[in-house]
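Worksheet: one structure, shown below.
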Amino acid sequence: MTSLPTRTIGPFTVSAIGLGCMNLSHAYLPRPDAAEAERLLRHALDAGVTLFDTAALYGFGANEELLGRTLMDRRAEFTLASKCVLAEIDGKRGLDGSPKAIERVLEDALRRLKVDHIDLYYLHRLDPNVPIEESVGALVRAKEAGKIGAIGLSEMSATTLRRAHAVHPIAAMQTEYSPWVRNAEVAVLEACAELGAAFVAFSPLGRGLLAGNPNAANLLPGDIRGAMPRFQSPHLDVNLRLVDQLKTLADEAGCTAAQLCLAWLLAKGDHIVPIPGTTSIAHLDEDLATLARDWPADLIAAVDSLFSFDAPSGPRYPRDAQKQIDTETWDGEPLA
């Protein structure tokens with residue numbers, strides 16, 4: 001196994017870039033077949049990735065099953081993260097942060113993953129019908145029972161983080177963060193640093209668009225990005241021009257746009273761990289190569305200047321999805 005630079009999440013030392021496993025089973029199209037997905041996971045482990053992130057929601061359990069059958073013969077080599085609260089309910093995506101639902105989803109996850117312990121377990125979203133203290137309390141009891149190791153939150157605000165942290169130390173906050181989604185900079189990124197929580201950045205490559213992935217600009221029917229305003233006309237045309245400018249910066253620096261995005265994130269704080277997802281071994285190796293070079297401050301500043309908060313066009317989420325997001329918005333942010 002190759003050794004990569006590391007960062008810290010709670011009690012765990014993990015590779016400075018982890019792997020988000022969602023799109024191997026869920027949300028984006030096209031998806032790899034089972035053999036391709038398994039090869040990518042094994043390659044990631046061989047390449048030194050030691051943080052693998054999944055969730056009960058992804059493929060309604062199929063993603064957890066994929067990791068369970070592919071990686072658990074090497075269980076000691078990596079940190080395993082999964083999530084509850086968002087899961088399948090009566091055959092549909094459902095939100096339930098009640099202690100009873102959390103206990104059920106966790107038991108299902110342990111079975112699918114073929115483990116008796118998950119290192120890092122997140123509340124995937126805030127259930128507005130359940131006080132965050134009750135949801136965190138359920139995870140505290142799961143930790144006391146030895147079923148999980150550390151507690152995380154996903155897409156929640158600094159205020160919610162502080163409430164949760166008052167119940168039990170929060171090891172990580174996972175939220176979308178990339179040059180074109182900078183909401184974390186409003187408050188929660190600083191709150192994580194203050195409280196000693198890691199910040200795990202999902203979709204660090206703008207859901208593939210910032211990396212120049214052609215699939216992200218020519219979406220297949222059923223790809224969830226098709227419902228996101230930033231991937232729809234007329235917003236997409238504006239955003240593709242931003243991508244072209246990012247690519248020009250990257251070309252001048254002798255790197256790829258994906259590497260420049262990841263370097264920008266890593267430079268934002270030592271407590272930040274990006275978890276790009278991919279279905280391509282070549283793209284995975286490209287992402288990890290970010291860690292092999294130094295990145296000048298003026299190049300990072302150029303990305304900052306290109307992607308001001310209001311540079312991307314369109315709301316981040318469609319209306320129904322935005323209702324489940326507790327993260328802060330910035331002044332003037334367009335909302336669906």
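Scheme for the structure tokens: letters A, B, ... for chains in order shown; per-chain residue numbers from 1; ligand numbers from 1 in order shown.
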Check: Would you give me, as a PyMOL selection string, the residues in stretch 234-319 of chain A that DSSP reads as helix (DSSP H, G or I)?
Finding: chain A and resi 235-253+257-267+281-292+297-306+319
Notebook entry, point to check: Excluding same-chain residues fewer than 4 positions from A:Lys143, what lies within 10 Å of it counting only C-alpha atoms, as a PyMOL selection string?
Noted result: chain A and resi 117-121+137-139+147-151
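Of note, atom CA of A:Val273 and atom CA of A:Ile17 are spaced 5.8 Å apart.
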Margin query: I'd like the contact shell of A:Gln245 - 12 Å cut-off, only C-alpha atoms, skipping same-chain residues fewer than 3 positions apart - returned as a ChimeraX atom specification.
Written below: /A:210,212,238-242,248-252,257,302-303,305-307,311
Could you save the residues just selected, with N, CA, C and O atoms, as a compact mmCIF listing (two decimals), in the first residue's frame?
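Wrote part_34.txt, looks like this:
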# COMPACT_ATOMS: atom_id res chain seq x y z
N LEU A 210 -16.41 21.08 -12.26
CA LEU A 210 -15.15 21.81 -12.17
C LEU A 210 -13.96 20.98 -12.64
O LEU A 210 -12.92 21.52 -12.98
N GLY A 212 -14.06 19.20 -15.27
CA GLY A 212 -14.17 19.05 -16.71
C GLY A 212 -14.80 17.75 -17.14
O GLY A 212 -14.66 17.34 -18.30
N VAL A 238 -23.20 30.03 -18.05
CA VAL A 238 -22.35 30.91 -17.24
C VAL A 238 -21.32 30.08 -16.48
O VAL A 238 -20.12 30.42 -16.44
N ASN A 239 -21.77 28.98 -15.91
CA ASN A 239 -20.87 28.17 -15.10
C ASN A 239 -19.80 27.48 -15.93
O ASN A 239 -18.67 27.29 -15.48
N LEU A 240 -20.14 27.11 -17.15
CA LEU A 240 -19.13 26.50 -18.02
C LEU A 240 -18.05 27.51 -18.41
O LEU A 240 -16.88 27.13 -18.59
N ARG A 241 -18.41 28.77 -18.50
CA ARG A 241 -17.39 29.80 -18.75
C ARG A 241 -16.44 29.92 -17.57
O ARG A 241 -15.23 30.11 -17.74
N LEU A 242 -16.97 29.79 -16.35
CA LEU A 242 -16.11 29.76 -15.17
C LEU A 242 -15.16 28.57 -15.20
O LEU A 242 -13.98 28.69 -14.87
N THR A 248 -7.91 27.33 -17.62
CA THR A 248 -6.79 28.17 -18.06
C THR A 248 -5.79 28.37 -16.94
O THR A 248 -4.57 28.26 -17.14
N LEU A 249 -6.29 28.64 -15.73
CA LEU A 249 -5.40 28.76 -14.56
C LEU A 249 -4.61 27.48 -14.35
O LEU A 249 -3.40 27.51 -14.10
N ALA A 250 -5.30 26.36 -14.43
CA ALA A 250 -4.65 25.07 -14.19
C ALA A 250 -3.60 24.78 -15.26
O ALA A 250 -2.49 24.32 -14.95
N ASP A 251 -3.93 25.05 -16.52
CA ASP A 251 -2.97 24.81 -17.59
C ASP A 251 -1.70 25.63 -17.39
O ASP A 251 -0.58 25.13 -17.60
N GLU A 252 -1.88 26.87 -16.99
CA GLU A 252 -0.72 27.74 -16.77
C GLU A 252 0.13 27.24 -15.60
O GLU A 252 1.35 27.44 -15.58
N ALA A 257 -7.54 20.90 -13.61
CA ALA A 257 -8.52 21.69 -12.86
C ALA A 257 -8.92 20.99 -11.57
O ALA A 257 -9.10 21.62 -10.52
N ALA A 302 -5.66 33.14 -6.78
CA ALA A 302 -6.29 33.33 -8.08
C ALA A 302 -7.61 32.56 -8.17
O ALA A 302 -8.58 33.03 -8.79
N VAL A 303 -7.66 31.37 -7.57
CA VAL A 303 -8.91 30.61 -7.53
C VAL A 303 -9.94 31.35 -6.69
O VAL A 303 -11.11 31.44 -7.05
N SER A 305 -10.19 34.52 -6.29
CA SER A 305 -10.67 35.67 -7.04
C SER A 305 -11.65 35.26 -8.14
O SER A 305 -12.64 35.96 -8.39
N LEU A 306 -11.36 34.13 -8.78
CA LEU A 306 -12.23 33.66 -9.86
C LEU A 306 -13.60 33.25 -9.33
O LEU A 306 -14.64 33.57 -9.92
N PHE A 307 -13.60 32.56 -8.20
CA PHE A 307 -14.85 32.02 -7.65
C PHE A 307 -15.27 32.80 -6.41
O PHE A 307 -15.29 32.27 -5.30
N ALA A 311 -20.09 34.33 -7.99
CA ALA A 311 -19.67 34.08 -9.37
C ALA A 311 -20.48 32.97 -10.04
O ALA A 311 -20.92 33.13 -11.19
Go through stretch 128-301 of chain A and collect every residue that DSSP, computed from the backbone, puts in strand (DSSP E or B); the answer should be as a PDB file with N, CA and C atoms, in the first residue's frame.
ATOM      1  N   ILE A 148     -20.234   2.249  17.145  1.00  0.00           N
ATOM      2  CA  ILE A 148     -19.579   3.305  16.379  1.00  0.00           C
ATOM      3  C   ILE A 148     -18.443   3.881  17.209  1.00  0.00           C
ATOM      4  N   GLY A 149     -17.530   4.574  16.505  1.00  0.00           N
ATOM      5  CA  GLY A 149     -16.372   5.107  17.201  1.00  0.00           C
ATOM      6  C   GLY A 149     -16.414   6.600  17.432  1.00  0.00           C
ATOM      7  N   ALA A 150     -16.905   7.368  16.471  1.00  0.00           N
ATOM      8  CA  ALA A 150     -16.948   8.822  16.573  1.00  0.00           C
ATOM      9  C   ALA A 150     -18.218   9.308  15.883  1.00  0.00           C
ATOM     10  N   ILE A 151     -18.628  10.523  16.234  1.00  0.00           N
ATOM     11  CA  ILE A 151     -19.897  11.081  15.775  1.00  0.00           C
ATOM     12  C   ILE A 151     -19.649  12.259  14.847  1.00  0.00           C
ATOM     13  N   GLY A 152     -20.388  12.278  13.730  1.00  0.00           N
ATOM     14  CA  GLY A 152     -20.290  13.380  12.792  1.00  0.00           C
ATOM     15  C   GLY A 152     -21.656  13.933  12.431  1.00  0.00           C
ATOM     16  N   LEU A 153     -21.651  15.106  11.816  1.00  0.00           N
ATOM     17  CA  LEU A 153     -22.846  15.762  11.295  1.00  0.00           C
ATOM     18  C   LEU A 153     -22.622  16.069   9.826  1.00  0.00           C
ATOM     19  N   SER A 154     -23.707  16.220   9.076  1.00  0.00           N
ATOM     20  CA  SER A 154     -23.585  16.545   7.654  1.00  0.00           C
ATOM     21  C   SER A 154     -24.575  17.635   7.271  1.00  0.00           C
ATOM     22  N   ALA A 172     -16.489  15.371  13.259  1.00  0.00           N
ATOM     23  CA  ALA A 172     -16.421  15.869  11.887  1.00  0.00           C
ATOM     24  C   ALA A 172     -17.747  16.481  11.458  1.00  0.00           C
ATOM     25  N   MET A 173     -17.637  17.510  10.652  1.00  0.00           N
ATOM     26  CA  MET A 173     -18.772  18.076   9.929  1.00  0.00           C
ATOM     27  C   MET A 173     -18.520  17.825   8.453  1.00  0.00           C
ATOM     28  N   GLN A 174     -19.465  17.177   7.788  1.00  0.00           N
ATOM     29  CA  GLN A 174     -19.346  16.944   6.351  1.00  0.00           C
ATOM     30  C   GLN A 174     -20.326  17.845   5.612  1.00  0.00           C
ATOM     31  N   THR A 175     -19.803  18.639   4.699  1.00  0.00           N
ATOM     32  CA  THR A 175     -20.626  19.598   3.973  1.00  0.00           C
ATOM     33  C   THR A 175     -20.024  19.818   2.586  1.00  0.00           C
ATOM     34  N   GLU A 176     -20.870  20.143   1.630  1.00  0.00           N
ATOM     35  CA  GLU A 176     -20.363  20.476   0.306  1.00  0.00           C
ATOM     36  C   GLU A 176     -19.476  21.718   0.400  1.00  0.00           C
ATOM     37  N   SER A 178     -16.422  23.632  -2.195  1.00  0.00           N
ATOM     38  CA  SER A 178     -15.564  23.672  -3.369  1.00  0.00           C
ATOM     39  C   SER A 178     -15.442  25.135  -3.772  1.00  0.00           C
ATOM     40  N   VAL A 181     -18.956  26.417  -4.273  1.00  0.00           N
ATOM     41  CA  VAL A 181     -19.900  26.335  -3.150  1.00  0.00           C
ATOM     42  C   VAL A 181     -19.117  26.662  -1.886  1.00  0.00           C
ATOM     43  N   ALA A 198     -13.044  18.054  12.565  1.00  0.00           N
ATOM     44  CA  ALA A 198     -12.584  18.079  11.182  1.00  0.00           C
ATOM     45  C   ALA A 198     -13.712  18.554  10.277  1.00  0.00           C
ATOM     46  N   PHE A 199     -13.329  19.083   9.131  1.00  0.00           N
ATOM     47  CA  PHE A 199     -14.318  19.465   8.124  1.00  0.00           C
ATOM     48  C   PHE A 199     -14.086  18.583   6.901  1.00  0.00           C
ATOM     49  N   VAL A 200     -15.057  17.728   6.604  1.00  0.00           N
ATOM     50  CA  VAL A 200     -14.954  16.795   5.480  1.00  0.00           C
ATOM     51  C   VAL A 200     -15.739  17.383   4.311  1.00  0.00           C
ATOM     52  N   ALA A 201     -15.031  17.710   3.244  1.00  0.00           N
ATOM     53  CA  ALA A 201     -15.621  18.424   2.114  1.00  0.00           C
ATOM     54  C   ALA A 201     -16.097  17.445   1.052  1.00  0.00           C
ATOM     55  N   PHE A 202     -17.435  17.337   0.900  1.00  0.00           N
ATOM     56  CA  PHE A 202     -17.935  16.485  -0.173  1.00  0.00           C
ATOM     57  C   PHE A 202     -18.192  17.324  -1.429  1.00  0.00           C
ATOM     58  N   ILE A 272      -9.288  20.314   7.125  1.00  0.00           N
ATOM     59  CA  ILE A 272     -10.157  20.003   5.996  1.00  0.00           C
ATOM     60  C   ILE A 272      -9.677  18.735   5.294  1.00  0.00           C
ATOM     61  N   VAL A 273     -10.615  17.812   5.049  1.00  0.00           N
ATOM     62  CA  VAL A 273     -10.319  16.572   4.330  1.00  0.00           C
ATOM     63  C   VAL A 273     -11.313  16.447   3.174  1.00  0.00           C
ATOM     64  N   PRO A 274     -10.883  16.673   1.938  1.00  0.00           N
ATOM     65  CA  PRO A 274     -11.792  16.497   0.792  1.00  0.00           C
ATOM     66  C   PRO A 274     -12.032  15.015   0.510  1.00  0.00           C
TER      67      PRO A 274
END
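Of the listed residues A:Thr329, A:Thr79, A:Thr256, A:Thr159, the one whose atoms come nearest to A:Val49 is A:Thr79, with distances taken using only C-alpha atoms.
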Next item on the list: Pick out the closest residue to A:Gly208 from this set: A:Ala193, A:Ala87, A:Leu29, A:Ala297. Count only C-alpha atoms.
Entry: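 Under the stated criterion, the closest residue is A:Leu29.
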Next item on the list: Would you work out the distance separating atom CA of A:Ala301 from atom CA of A:Ser313, expressed in Å to one decimal?
Entry: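 Straight-line distance from atom CA of A:Ala301 to atom CA of A:Ser313 works out to 20.8 Å.
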Check: Quick one: of A:His283, A:Asp304, A:Ile132, A:Glu65, who's nearest to A:Ala164, counting only C-alpha atoms?
Finding: A:Ile132
Check: How far is it from atom CA of A:Leu57 to atom CA of A:Leu86, in Å with one decimal?
Finding: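 Answer for the atom CA of A:Leu57 to atom CA of A:Leu86 separation: 5.7 Å.
Minimum atom-to-atom distance to A:Ala145, evaluated using only C-alpha atoms, belongs to A:Asp116 out of A:His168, A:Asp116, A:Asn129, A:Ala211.
Residues in contact with A:Ala34 at 9 Å, where only C-alpha atoms are counted and same-chain residues fewer than 5 positions away are skipped, are listed as A:Leu24, A:Arg39, A:Leu66.
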Suppose we keep C-alpha atoms; can you now write the selection as a PDB file, in the first residue's frame?
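New file out20.pdb:
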ATOM      1  CA  LEU A  24     -20.516   4.091  -7.416  1.00  0.00           C
ATOM      2  CA  ARG A  39     -11.639  -2.570  -8.776  1.00  0.00           C
ATOM      3  CA  LEU A  66     -20.485  -2.858  -2.073  1.00  0.00           C
TER       4      LEU A  66
END
